[in-house]
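Okay, work02.tsv now, which holds TSV, C-alpha atoms:
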chain	number	residue	atom	x	y	z
A	866	MET	CA	-9.38	27.97	9.22
A	867	LYS	CA	-12.41	27.52	7.03
A	868	ILE	CA	-13.70	30.63	5.37
A	869	ASP	CA	-17.21	29.62	4.47
A	870	SER	CA	-18.16	33.04	3.18
A	871	VAL	CA	-15.74	32.85	0.31
A	872	VAL	CA	-16.62	29.39	-1.02
A	873	PRO	CA	-17.20	29.89	-4.74
A	874	THR	CA	-20.86	29.21	-5.17
A	875	ASP	CA	-21.87	30.41	-8.58
A	876	ALA	CA	-20.74	28.51	-11.62
A	877	SER	CA	-19.16	31.50	-13.37
A	878	GLN	CA	-16.89	32.23	-10.42
A	879	LYS	CA	-15.73	28.62	-10.28
A	880	GLU	CA	-15.10	28.55	-14.02
A	881	SER	CA	-13.21	31.80	-13.80
A	882	LEU	CA	-11.05	30.41	-10.99
A	883	ALA	CA	-10.37	27.21	-12.85
A	884	ALA	CA	-9.19	29.18	-15.84
A	885	GLN	CA	-7.40	31.98	-14.05
A	886	GLY	CA	-5.62	30.33	-11.12
A	887	PRO	CA	-3.58	27.50	-12.55
A	888	ALA	CA	-2.68	29.33	-15.73
A	889	GLY	CA	-1.13	32.11	-13.69
A	890	ILE	CA	0.82	29.70	-11.55
A	891	LYS	CA	2.28	27.33	-14.11
A	892	GLY	CA	4.86	29.75	-15.44
A	893	ALA	CA	6.52	30.26	-12.06
A	894	ASP	CA	6.82	26.61	-11.23
A	895	ALA	CA	10.29	25.45	-12.38
A	896	SER	CA	12.43	26.96	-9.61
A	897	CYS	CA	9.72	26.45	-7.00
A	898	VAL	CA	9.40	22.78	-7.89
A	899	SER	CA	13.14	22.22	-7.47
A	900	SER	CA	13.16	23.94	-4.09
A	901	HIS	CA	9.96	22.14	-3.16
A	902	ASP	CA	11.45	18.74	-4.02
A	903	LEU	CA	14.50	19.37	-1.84
A	904	ARG	CA	12.49	20.61	1.10
A	905	ALA	CA	9.97	17.80	0.64
A	906	SER	CA	12.82	15.29	0.80
A	907	LEU	CA	14.07	16.92	4.00
A	908	ALA	CA	10.58	16.77	5.50
A	909	ILE	CA	10.29	13.08	4.61
A	910	VAL	CA	13.75	12.28	6.00
A	911	ASN	CA	12.82	14.12	9.17
A	912	GLY	CA	9.46	12.34	9.36
A	913	PHE	CA	10.92	8.84	9.01
A	914	SER	CA	13.80	9.71	11.31
A	915	THR	CA	11.41	10.88	14.05
A	916	ALA	CA	9.18	7.84	13.47
A	917	LEU	CA	12.22	5.55	13.71
A	918	GLY	CA	13.30	7.25	16.92
A	919	SER	CA	9.92	6.87	18.60
A	920	SER	CA	9.46	3.29	17.36
A	921	PHE	CA	12.91	2.31	18.62
A	922	LYS	CA	12.18	3.92	22.00
A	923	ASP	CA	8.93	1.93	22.24
A	924	LEU	CA	10.77	-1.23	21.19
A	925	SER	CA	13.45	-0.73	23.86
A	926	GLU	CA	10.82	-0.10	26.54
A	927	GLN	CA	8.85	-3.16	25.51
A	928	TYR	CA	11.99	-5.29	25.49
A	929	GLN	CA	12.98	-4.00	28.92
A	930	MET	CA	9.51	-4.71	30.24
A	931	ILE	CA	9.69	-8.33	29.06
A	932	LEU	CA	13.13	-8.78	30.59
A	933	GLU	CA	12.01	-7.40	33.93
A	934	SER	CA	8.74	-9.30	34.02
A	935	ASP	CA	8.56	-12.08	36.63
A	936	ASP	CA	5.53	-13.95	35.38
A	937	ASP	CA	4.69	-15.32	31.96
A	938	THR	CA	1.15	-13.95	31.86
A	939	GLY	CA	0.58	-11.96	28.72
A	940	MET	CA	3.94	-13.00	27.33
A	941	ALA	CA	2.46	-13.92	23.94
A	942	GLU	CA	0.86	-10.50	23.69
A	943	SER	CA	4.12	-8.79	24.65
A	944	ALA	CA	6.00	-10.82	22.07
A	945	ASP	CA	3.46	-9.81	19.40
A	946	ARG	CA	3.92	-6.17	20.30
A	947	LEU	CA	7.68	-6.59	20.24
A	948	MET	CA	7.49	-8.04	16.75
A	949	MET	CA	5.20	-5.27	15.60
A	950	LEU	CA	7.56	-2.60	16.92
A	951	ASP	CA	10.49	-4.42	15.36
A	952	ALA	CA	8.65	-4.35	12.02
A	953	ASP	CA	7.98	-0.62	12.49
A	954	CYS	CA	11.67	0.04	13.09
A	955	ARG	CA	12.68	-1.97	10.03
A	956	PHE	CA	10.08	-0.18	7.88
A	957	CYS	CA	11.15	3.29	9.05
A	958	LEU	CA	14.85	2.47	8.64
A	959	SER	CA	14.31	1.15	5.14
A	960	ARG	CA	12.26	4.20	4.07
A	961	LEU	CA	14.70	6.56	5.77
A	962	HIS	CA	17.44	5.04	3.64
A	963	THR	CA	15.35	5.51	0.48
A	964	ALA	CA	14.46	9.07	1.48
A	965	ILE	CA	18.14	9.95	2.04
A	966	GLU	CA	19.05	8.46	-1.36
A	967	THR	CA	16.30	10.57	-2.97
A	968	LEU	CA	17.55	13.66	-1.17
A	969	LYS	CA	21.14	12.96	-2.29
A	970	SER	CA	20.02	12.52	-5.87
A	971	ARG	CA	17.99	15.75	-5.76
A	972	LEU	CA	20.94	17.63	-4.27
A	973	GLU	CA	23.17	16.28	-7.03
A	974	SER	CA	20.77	17.45	-9.76
A	975	GLU	CA	20.52	20.82	-8.05
A	976	ARG	CA	24.31	21.08	-8.04
A	977	VAL	CA	24.48	20.16	-11.73
A	978	ILE	CA	21.85	22.79	-12.55
A	979	ALA	CA	23.63	25.39	-10.41
A	980	GLY	CA	26.94	24.48	-12.06
A	981	THR	CA	25.44	24.84	-15.53
A	982	GLY	CA	23.97	28.21	-14.59
A	983	GLN	CA	27.31	29.39	-13.26
A	984	ALA	CA	29.10	28.24	-16.41
A	985	GLU	CA	26.61	30.17	-18.53
A	986	ASP	CA	27.03	33.26	-16.36
A	987	THR	CA	30.79	33.26	-16.79
A	988	GLY	CA	30.53	32.49	-20.47
A	989	THR	CA	32.28	29.11	-20.16
B	217	MET	CA	3.71	-1.13	-0.75
B	218	ASN	CA	3.27	-0.63	-4.47
B	219	ALA	CA	3.43	3.05	-5.33
B	220	GLY	CA	2.02	2.29	-8.77
B	221	LEU	CA	-1.34	1.37	-7.35
B	222	GLU	CA	-4.12	3.79	-8.17
B	223	ALA	CA	-5.15	4.09	-4.58
B	224	VAL	CA	-1.97	3.42	-2.66
B	225	SER	CA	-3.66	2.86	0.63
B	226	GLU	CA	-7.33	2.27	1.09
B	227	LEU	CA	-8.38	1.54	4.64
B	228	MET	CA	-12.00	0.74	5.35
B	229	CYS	CA	-13.42	2.55	2.30
B	230	PRO	CA	-16.03	3.76	1.38
B	231	ASN	CA	-17.02	6.79	3.48
B	232	ASN	CA	-13.48	7.97	3.93
B	233	GLU	CA	-12.74	10.59	6.43
B	234	LEU	CA	-9.39	11.52	4.92
B	235	VAL	CA	-8.43	11.58	1.27
B	236	MET	CA	-4.87	12.54	0.37
B	237	VAL	CA	-3.28	13.07	-3.04
B	238	ASP	CA	0.49	13.30	-3.41
B	239	ASP	CA	2.63	12.10	-6.29
B	240	ASP	CA	5.54	11.42	-3.92
B	241	ALA	CA	5.32	7.75	-2.94
B	242	LEU	CA	7.46	8.23	0.18
B	243	THR	CA	5.13	10.94	1.48
B	244	VAL	CA	2.18	8.66	0.90
B	245	GLU	CA	4.03	5.84	2.65
B	246	ILE	CA	4.79	7.80	5.78
B	247	VAL	CA	1.24	9.13	5.98
B	248	SER	CA	-0.08	5.62	5.41
B	249	TRP	CA	2.17	4.34	8.21
B	250	ILE	CA	1.02	7.09	10.58
B	251	LEU	CA	-2.61	6.34	9.70
B	252	SER	CA	-2.08	2.64	10.37
B	253	LYS	CA	-1.40	3.55	14.01
B	254	GLY	CA	-4.85	5.08	14.41
B	255	GLN	CA	-8.44	4.25	13.56
B	256	HIS	CA	-9.22	6.87	10.94
B	257	ARG	CA	-10.66	5.78	7.61
B	258	SER	CA	-8.63	7.02	4.68
B	259	CYS	CA	-7.81	6.73	1.02
B	260	LEU	CA	-4.48	7.84	-0.38
B	261	PHE	CA	-3.63	8.46	-4.02
B	262	THR	CA	-0.45	9.10	-5.98
B	263	GLN	CA	-2.30	10.00	-9.19
B	264	ALA	CA	-4.38	13.16	-9.33
B	265	ASP	CA	-6.72	11.94	-12.07
B	266	LYS	CA	-7.58	8.78	-10.16
B	267	ALA	CA	-8.24	10.83	-7.04
B	268	LEU	CA	-10.49	13.21	-8.98
B	269	GLU	CA	-12.45	10.31	-10.35
B	270	TYR	CA	-12.80	8.86	-6.87
B	271	LEU	CA	-13.87	12.16	-5.31
B	272	LYS	CA	-16.78	12.47	-7.72
B	273	SER	CA	-18.57	9.89	-5.64
B	274	GLN	CA	-16.96	10.32	-2.21
B	275	THR	CA	-16.89	13.37	0.00
B	276	PRO	CA	-14.24	13.15	2.73
B	277	ARG	CA	-14.20	15.29	5.84
B	278	LEU	CA	-10.54	16.11	5.30
B	279	LEU	CA	-8.84	16.47	1.94
B	280	ILE	CA	-5.08	17.01	1.63
B	281	VAL	CA	-3.68	17.74	-1.83
B	282	ASP	CA	-0.02	18.20	-2.73
B	283	TYR	CA	0.55	21.57	-4.37
B	284	TYR	CA	3.31	20.58	-6.79
B	285	MET	CA	2.26	17.54	-8.79
B	286	PRO	CA	3.39	16.65	-12.30
B	287	GLU	CA	-0.06	16.26	-13.85
B	288	MET	CA	-1.61	19.37	-12.34
B	289	THR	CA	-1.05	21.75	-9.45
B	290	GLY	CA	-3.02	21.34	-6.27
B	291	LEU	CA	-4.96	24.49	-7.15
B	292	GLU	CA	-5.91	23.07	-10.52
B	293	PHE	CA	-7.01	19.93	-8.75
B	294	ILE	CA	-9.23	21.85	-6.31
B	295	SER	CA	-10.60	24.06	-9.12
B	296	GLU	CA	-11.63	21.01	-11.06
B	297	LEU	CA	-13.11	19.42	-7.98
B	298	HIS	CA	-15.16	22.51	-7.16
B	299	GLY	CA	-16.87	22.09	-10.50
B	300	SER	CA	-18.13	18.62	-9.72
B	301	THR	CA	-18.20	18.18	-5.95
B	302	ASP	CA	-19.66	19.98	-2.96
B	303	LEU	CA	-16.71	20.70	-0.70
B	304	SER	CA	-18.62	22.87	1.77
B	305	LYS	CA	-18.32	20.24	4.50
B	306	THR	CA	-14.75	19.29	3.68
B	307	GLN	CA	-11.67	20.85	5.24
B	308	VAL	CA	-9.29	21.24	2.32
B	309	TYR	CA	-5.53	21.63	2.67
B	310	LEU	CA	-2.98	22.26	-0.02
B	311	CYS	CA	0.31	20.78	1.09
B	312	SER	CA	3.66	22.20	0.12
B	313	ALA	CA	7.25	22.15	1.33
B	314	VAL	CA	7.74	25.73	0.11
B	315	ARG	CA	5.56	28.80	0.04
B	316	PRO	CA	3.47	28.68	-3.15
B	317	PRO	CA	4.05	31.42	-5.74
B	318	ASN	CA	2.97	34.99	-5.04
B	319	GLY	CA	-0.63	35.72	-5.83
B	320	THR	CA	-1.91	32.30	-4.85
B	321	GLY	CA	-2.89	33.38	-1.34
B	322	GLU	CA	-6.00	35.12	-2.60
B	323	LEU	CA	-6.98	32.06	-4.58
B	324	PHE	CA	-6.54	29.93	-1.49
B	325	GLU	CA	-9.07	32.10	0.33
B	326	ILE	CA	-11.51	32.20	-2.55
B	327	MET	CA	-11.32	28.45	-2.94
B	328	ASN	CA	-11.63	27.86	0.79
B	329	VAL	CA	-8.36	26.02	1.21
B	330	ALA	CA	-5.65	26.29	3.85
B	331	LEU	CA	-1.95	25.69	3.48
B	332	LEU	CA	-0.29	22.75	5.18
B	333	GLU	CA	3.49	22.51	5.50
B	334	LYS	CA	4.87	19.21	4.28
B	335	GLN	CA	6.94	18.75	7.43
B	336	HIS	CA	3.72	18.78	9.46
B	337	LEU	CA	2.20	16.17	7.20
B	338	CYS	CA	5.21	13.88	7.67
B	339	ASP	CA	5.33	14.32	11.43
B	340	ARG	CA	3.47	11.60	13.29
B	341	GLN	CA	2.54	13.72	16.29
B	342	LYS	CA	1.42	16.76	14.29
B	343	LEU	CA	-0.54	14.75	11.75
B	344	THR	CA	-2.23	12.73	14.48
B	345	GLU	CA	-3.24	15.94	16.26
B	346	MET	CA	-4.65	17.29	13.02
B	347	LEU	CA	-6.60	14.11	12.32
B	348	ASP	CA	-8.00	14.17	15.85
B	349	THR	CA	-9.07	17.78	15.35
B	350	TYR	CA	-10.92	17.33	12.06
B	351	LEU	CA	-12.09	13.73	12.08

What do you get writing this file as structure tokens?
Amino acid sequence: MKIDSVVPTDASQKESLAAQGPAGIKGADASCVSSHDLRASLAIVNGFSTALGSSFKDLSEQYQMILESDDDTGMAESADRLMMLDADCRFCLSRLHTAIETLKSRLESERVIAGTGQAEDTGT
Amino acid sequence: MNAGLEAVSELMCPNNELVMVDDDALTVEIVSWILSKGQHRSCLFTQADKALEYLKSQTPRLLIVDYYMPEMTGLEFISELHGSTDLSKTQVYLCSAVRPPNGTGELFEIMNVALLEKQHLCDRQKLTEMLDTYL
């Protein structure tokens, strides 16, 4: 993915980019940022949800393994891993909750903005 | 984890292999959690200015910058960095949940950056694959 041939090498090109690029982008940001925030929230919810799913699967497997084990060798290690996976699940669940709250709040603001826009459109 | 920290997560610094900048604390938290499952050295920031300061003296192998940040856009960040740091050996990604505005594609090429979808960054499997590829 790297395009080495187009790395800005001379100072004037870099300065020109620094001046030209961001200035041209700033103006278009407002609607993009709102859409970005919503989609970012969805990505985060999805990320924590997937992480919770895989952590819980690992936790269940580890728990099952301990239950089915006949000897006590390595039990302390298994218990440590169980606790670690339990902590992972709790972490992911807690952040998933926060991420959903953030998403809800962003959706609410979006609805308020959309409602305001609609009211302006209809002259109310 | 305290999102107000300058460097939210700093594992085994210096000589980071991954530096990430994202103003969204939850994004940083999930990436930090994914990183904690592997062995890669990393440094994660929620404040662009602190990251810029840090990158003056550190050159990571992989740099991931959020496109939409309140202080500056990811492109502004990379522009500023190009003025003070040699990024020729760094794989740079601008991360966004939406396609950046029209006209930025050319700038991406000129500035030697690739686009990374936010959902890939937040996905444990995809991010791990990416880290294994570049680090």

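Each of A:Met940, A:Ile965, A:Leu972, A:Val977 was compared to chain B using all atoms listed in the file, and A:Ile965 turns out to be the nearest.
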
> Which chain B residues are at most 8 Å from chain A (counting all atoms listed in the file), as an NGL selection string?
Replying inline: :B and (242-243 or 246 or 284 or 289 or 291-292 or 295-296 or 298-299 or 304 or 307 or 312-314 or 316-317 or 320 or 323 or 325-330 or 334-335 or 338-340)

With C-alpha atoms retained, export the selected residues as a PDB file, in the frame of the given file.
ATOM      1  CA  LEU B 242       7.460   8.230   0.180  1.00  0.00           C
ATOM      2  CA  THR B 243       5.130  10.940   1.480  1.00  0.00           C
ATOM      3  CA  ILE B 246       4.790   7.800   5.780  1.00  0.00           C
ATOM      4  CA  TYR B 284       3.310  20.580  -6.790  1.00  0.00           C
ATOM      5  CA  THR B 289      -1.050  21.750  -9.450  1.00  0.00           C
ATOM      6  CA  LEU B 291      -4.960  24.490  -7.150  1.00  0.00           C
ATOM      7  CA  GLU B 292      -5.910  23.070 -10.520  1.00  0.00           C
ATOM      8  CA  SER B 295     -10.600  24.060  -9.120  1.00  0.00           C
ATOM      9  CA  GLU B 296     -11.630  21.010 -11.060  1.00  0.00           C
ATOM     10  CA  HIS B 298     -15.160  22.510  -7.160  1.00  0.00           C
ATOM     11  CA  GLY B 299     -16.870  22.090 -10.500  1.00  0.00           C
ATOM     12  CA  SER B 304     -18.620  22.870   1.770  1.00  0.00           C
ATOM     13  CA  GLN B 307     -11.670  20.850   5.240  1.00  0.00           C
ATOM     14  CA  SER B 312       3.660  22.200   0.120  1.00  0.00           C
ATOM     15  CA  ALA B 313       7.250  22.150   1.330  1.00  0.00           C
ATOM     16  CA  VAL B 314       7.740  25.730   0.110  1.00  0.00           C
ATOM     17  CA  PRO B 316       3.470  28.680  -3.150  1.00  0.00           C
ATOM     18  CA  PRO B 317       4.050  31.420  -5.740  1.00  0.00           C
ATOM     19  CA  THR B 320      -1.910  32.300  -4.850  1.00  0.00           C
ATOM     20  CA  LEU B 323      -6.980  32.060  -4.580  1.00  0.00           C
ATOM     21  CA  GLU B 325      -9.070  32.100   0.330  1.00  0.00           C
ATOM     22  CA  ILE B 326     -11.510  32.200  -2.550  1.00  0.00           C
ATOM     23  CA  MET B 327     -11.320  28.450  -2.940  1.00  0.00           C
ATOM     24  CA  ASN B 328     -11.630  27.860   0.790  1.00  0.00           C
ATOM     25  CA  VAL B 329      -8.360  26.020   1.210  1.00  0.00           C
ATOM     26  CA  ALA B 330      -5.650  26.290   3.850  1.00  0.00           C
ATOM     27  CA  LYS B 334       4.870  19.210   4.280  1.00  0.00           C
ATOM     28  CA  GLN B 335       6.940  18.750   7.430  1.00  0.00           C
ATOM     29  CA  CYS B 338       5.210  13.880   7.670  1.00  0.00           C
ATOM     30  CA  ASP B 339       5.330  14.320  11.430  1.00  0.00           C
ATOM     31  CA  ARG B 340       3.470  11.600  13.290  1.00  0.00           C
TER      32      ARG B 340
END

Listed atoms of stretch 259-268 of chain B boxed along x, y and z, 6 Å each side, centre and edge lengths in Å, one decimal, as lines of an AutoDock Vina configuration file:
center_x = -5.5
center_y = 10.0
center_z = -5.5
size_x = 22.0
size_y = 18.5
size_z = 25.1

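The coordinates place atom CA of A:Cys954 at 25.3 Å from atom CA of A:Asp937.
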
> Could you name the residues that touch B:Pro276 at 10 Å or less, counting only C-alpha atoms, but leaving out those on the same chain fewer than 5 positions away, as a PyMOL selection string?
Replying inline: chain B and resi 230-236+257-259+271+303+305-308+351

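Between B:Arg315 and the residues B:Val247, B:Lys342, B:Gly290, B:Tyr283, the shortest atom-to-atom distance, using all atoms listed in the file, involves B:Tyr283.
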
> If you count all atoms listed in the file, which residues fall within 8 Å of stretch 941-947 of chain A, apart from same-chain ones fewer than 4 positions away, as a ChimeraX atom specification?
Replying inline: /A:924,927-928,931,951

> How far is it from atom CA of B:Glu269 to atom CA of B:Glu245, in Å with one decimal?
Replying inline: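 So the answer is 21.5 Å.
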